[in-house]
Amino acid sequence: METRKAYLMVRAQVPNESDRAKFDQWYGTHHLPLAMDKFHAEKGWRFWSRSDASVHYALYQFKDMATLRERLDSPDFKLLIADFDQAWPGVARSRDLIESVQEA
């Protein structure tokens with residue numbers, strides 16, 4: 001059976017337009033590098049939605065779902081949550097675990 005890449009997708013909603021540039025800078029220079037270090041993800045991406053300007057996505061790639069679940073159960077994941085909560089207490093976010101099933 002082939003190993004399927006697994007991804008953690010984090011969706012954050014930055015409601016105040018005046019906060020978005022600061023959030024973008026913080027995530028790009030602080031949180032994404034910290035997450036890559038603590039998660040040991042294979043790759044990481046960030047996106048801003050063009051359908052809703054307040055929505056930011058971060059996507060982290062892992063070898064497989066077992067690896068992703070192991071990382072989510074680690075103390076480092078709790079550290080990342082605390083880091084985000086401390087810096088951006090008013091920014092709501094959700095997480096989704098997704099698995100690659102086809103690439104064309």
# chains A, B, ... in the order shown; residues from 1 in each chain; ligands from 1
$ closest_atom_pairs --of "stretch 33-101 of chain A" --to "stretch 2-21 of chain A" --cutoff "10 Å" --atoms "only C-alpha atoms" --output "CSV"
residue,atom,partner,partner_atom,distance
A:Ala41,CA,A:Tyr7,CA,9.1
A:Glu42,CA,A:Lys5,CA,9.8
A:Lys43,CA,A:Tyr7,CA,9.5
A:Gly44,CA,A:Tyr7,CA,9.3
A:Trp45,CA,A:Met9,CA,9.5
A:Arg46,CA,A:Val10,CA,9.4
A:Phe47,CA,A:Arg11,CA,9.5
A:Trp48,CA,A:Ala12,CA,9.7
A:Ser49,CA,A:Arg11,CA,10.0
A:Asp52,CA,A:Gln13,CA,9.2
A:Ala53,CA,A:Glu17,CA,8.3
A:Ser54,CA,A:Val14,CA,4.9
A:Val55,CA,A:Gln13,CA,4.6
A:His56,CA,A:Ala12,CA,5.2
A:Tyr57,CA,A:Arg11,CA,4.6
A:Ala58,CA,A:Val10,CA,5.1
A:Leu59,CA,A:Met9,CA,4.5
A:Tyr60,CA,A:Leu8,CA,5.2
A:Gln61,CA,A:Tyr7,CA,4.6
A:Phe62,CA,A:Ala6,CA,5.1
A:Lys63,CA,A:Lys5,CA,5.2
A:Asp64,CA,A:Lys5,CA,4.7
A:Met65,CA,A:Ala6,CA,5.0
A:Ala66,CA,A:Ala6,CA,8.5
A:Thr67,CA,A:Ala6,CA,8.2
A:Leu68,CA,A:Ala6,CA,6.7
A:Arg69,CA,A:Ala6,CA,9.4
A:Leu72,CA,A:Leu8,CA,9.3
A:Trp88,CA,A:Val14,CA,9.0
A:Gly90,CA,A:Val14,CA,8.2
A:Val91,CA,A:Val14,CA,5.6
A:Ala92,CA,A:Gln13,CA,5.6
A:Arg93,CA,A:Ala12,CA,4.2
A:Ser94,CA,A:Arg11,CA,5.3
A:Arg95,CA,A:Val10,CA,4.5
A:Asp96,CA,A:Met9,CA,5.2
A:Leu97,CA,A:Leu8,CA,4.9
A:Ile98,CA,A:Tyr7,CA,5.2
A:Glu99,CA,A:Ala6,CA,4.4
A:Ser100,CA,A:Lys5,CA,5.5
A:Val101,CA,A:Arg4,CA,6.9
$ select_by_dssp --residues "chain A" --states "alpha helix (DSSP H)" --output "CSV table (one decimal) with N, CA and C atoms, in the first residue's frame"
chain,number,residue,atom,x,y,z
A,20,ARG,N,-4.0,42.8,9.8
A,20,ARG,CA,-3.6,41.8,8.8
A,20,ARG,C,-2.1,41.9,8.4
A,21,ALA,N,-1.6,43.1,8.2
A,21,ALA,CA,-0.2,43.2,7.9
A,21,ALA,C,0.7,42.8,9.0
A,22,LYS,N,0.3,43.1,10.2
A,22,LYS,CA,1.1,42.7,11.4
A,22,LYS,C,1.0,41.2,11.6
A,23,PHE,N,-0.2,40.6,11.4
A,23,PHE,CA,-0.4,39.2,11.5
A,23,PHE,C,0.5,38.5,10.5
A,24,ASP,N,0.4,39.0,9.2
A,24,ASP,CA,1.2,38.4,8.1
A,24,ASP,C,2.7,38.4,8.4
A,25,GLN,N,3.2,39.5,8.9
A,25,GLN,CA,4.6,39.6,9.3
A,25,GLN,C,5.0,38.6,10.4
A,26,TRP,N,4.1,38.6,11.5
A,26,TRP,CA,4.4,37.7,12.6
A,26,TRP,C,4.4,36.3,12.2
A,32,LEU,N,5.5,30.6,11.5
A,32,LEU,CA,5.8,29.5,10.5
A,32,LEU,C,7.2,28.9,10.8
A,33,PRO,N,8.2,29.7,11.0
A,33,PRO,CA,9.5,29.0,11.3
A,33,PRO,C,9.5,28.2,12.6
A,34,LEU,N,8.8,28.7,13.6
A,34,LEU,CA,8.7,28.0,14.9
A,34,LEU,C,7.9,26.7,14.6
A,35,ALA,N,6.8,26.7,13.9
A,35,ALA,CA,6.1,25.5,13.6
A,35,ALA,C,6.9,24.5,12.8
A,36,MET,N,7.6,25.0,11.8
A,36,MET,CA,8.5,24.0,11.0
A,36,MET,C,9.5,23.4,11.9
A,37,ASP,N,10.1,24.1,12.8
A,37,ASP,CA,11.1,23.6,13.8
A,37,ASP,C,10.4,22.6,14.7
A,38,LYS,N,9.3,22.9,15.3
A,38,LYS,CA,8.7,22.0,16.3
A,38,LYS,C,8.0,20.9,15.7
A,39,PHE,N,7.3,21.1,14.6
A,39,PHE,CA,6.5,20.0,13.9
A,39,PHE,C,7.4,19.0,13.1
A,65,MET,N,-0.3,10.1,7.7
A,65,MET,CA,-1.3,10.5,8.8
A,65,MET,C,-0.8,10.1,10.2
A,66,ALA,N,-0.1,9.0,10.3
A,66,ALA,CA,0.4,8.5,11.6
A,66,ALA,C,1.4,9.5,12.1
A,67,THR,N,2.3,10.0,11.3
A,67,THR,CA,3.3,11.0,11.7
A,67,THR,C,2.6,12.3,12.1
A,68,LEU,N,1.6,12.7,11.3
A,68,LEU,CA,0.9,14.0,11.7
A,68,LEU,C,0.2,13.8,13.0
A,69,ARG,N,-0.5,12.7,13.3
A,69,ARG,CA,-1.2,12.5,14.5
A,69,ARG,C,-0.2,12.4,15.7
A,70,GLU,N,1.0,11.8,15.5
A,70,GLU,CA,2.0,11.8,16.5
A,70,GLU,C,2.5,13.2,16.9
A,71,ARG,N,2.6,14.1,15.9
A,71,ARG,CA,3.1,15.4,16.1
A,71,ARG,C,2.0,16.2,16.8
A,72,LEU,N,0.7,16.0,16.5
A,72,LEU,CA,-0.4,16.7,17.2
A,72,LEU,C,-0.5,16.3,18.6
A,75,PRO,N,4.0,17.6,23.0
A,75,PRO,CA,4.1,18.9,23.8
A,75,PRO,C,4.4,20.1,22.9
A,76,ASP,N,5.1,19.9,21.8
A,76,ASP,CA,5.4,21.0,20.9
A,76,ASP,C,4.2,21.5,20.3
A,77,PHE,N,3.2,20.7,20.0
A,77,PHE,CA,1.9,21.2,19.4
A,77,PHE,C,1.2,22.1,20.4
A,78,LYS,N,1.2,21.8,21.7
A,78,LYS,CA,0.6,22.6,22.7
A,78,LYS,C,1.4,23.9,22.8
A,79,LEU,N,2.7,23.9,22.7
A,79,LEU,CA,3.5,25.1,22.7
A,79,LEU,C,3.1,26.0,21.5
A,80,LEU,N,2.9,25.5,20.3
A,80,LEU,CA,2.5,26.3,19.2
A,80,LEU,C,1.1,26.9,19.4
A,81,ILE,N,0.2,26.2,20.0
A,81,ILE,CA,-1.1,26.7,20.2
A,81,ILE,C,-1.0,27.9,21.2
A,82,ALA,N,-0.2,27.7,22.3
A,82,ALA,CA,0.0,28.7,23.3
A,82,ALA,C,0.6,30.0,22.7
A,83,ASP,N,1.6,29.7,21.8
A,83,ASP,CA,2.3,30.8,21.1
A,83,ASP,C,1.3,31.7,20.3
A,84,PHE,N,0.5,31.0,19.6
A,84,PHE,CA,-0.5,31.7,18.8
A,84,PHE,C,-1.5,32.4,19.7
A,85,ASP,N,-2.0,31.7,20.7
A,85,ASP,CA,-3.0,32.3,21.6
A,85,ASP,C,-2.5,33.6,22.3
A,86,GLN,N,-1.2,33.6,22.7
A,86,GLN,CA,-0.7,34.7,23.4
A,86,GLN,C,-0.5,35.9,22.4
A,87,ALA,N,-0.1,35.7,21.2
A,87,ALA,CA,0.1,36.8,20.3
A,87,ALA,C,-1.2,37.3,19.6
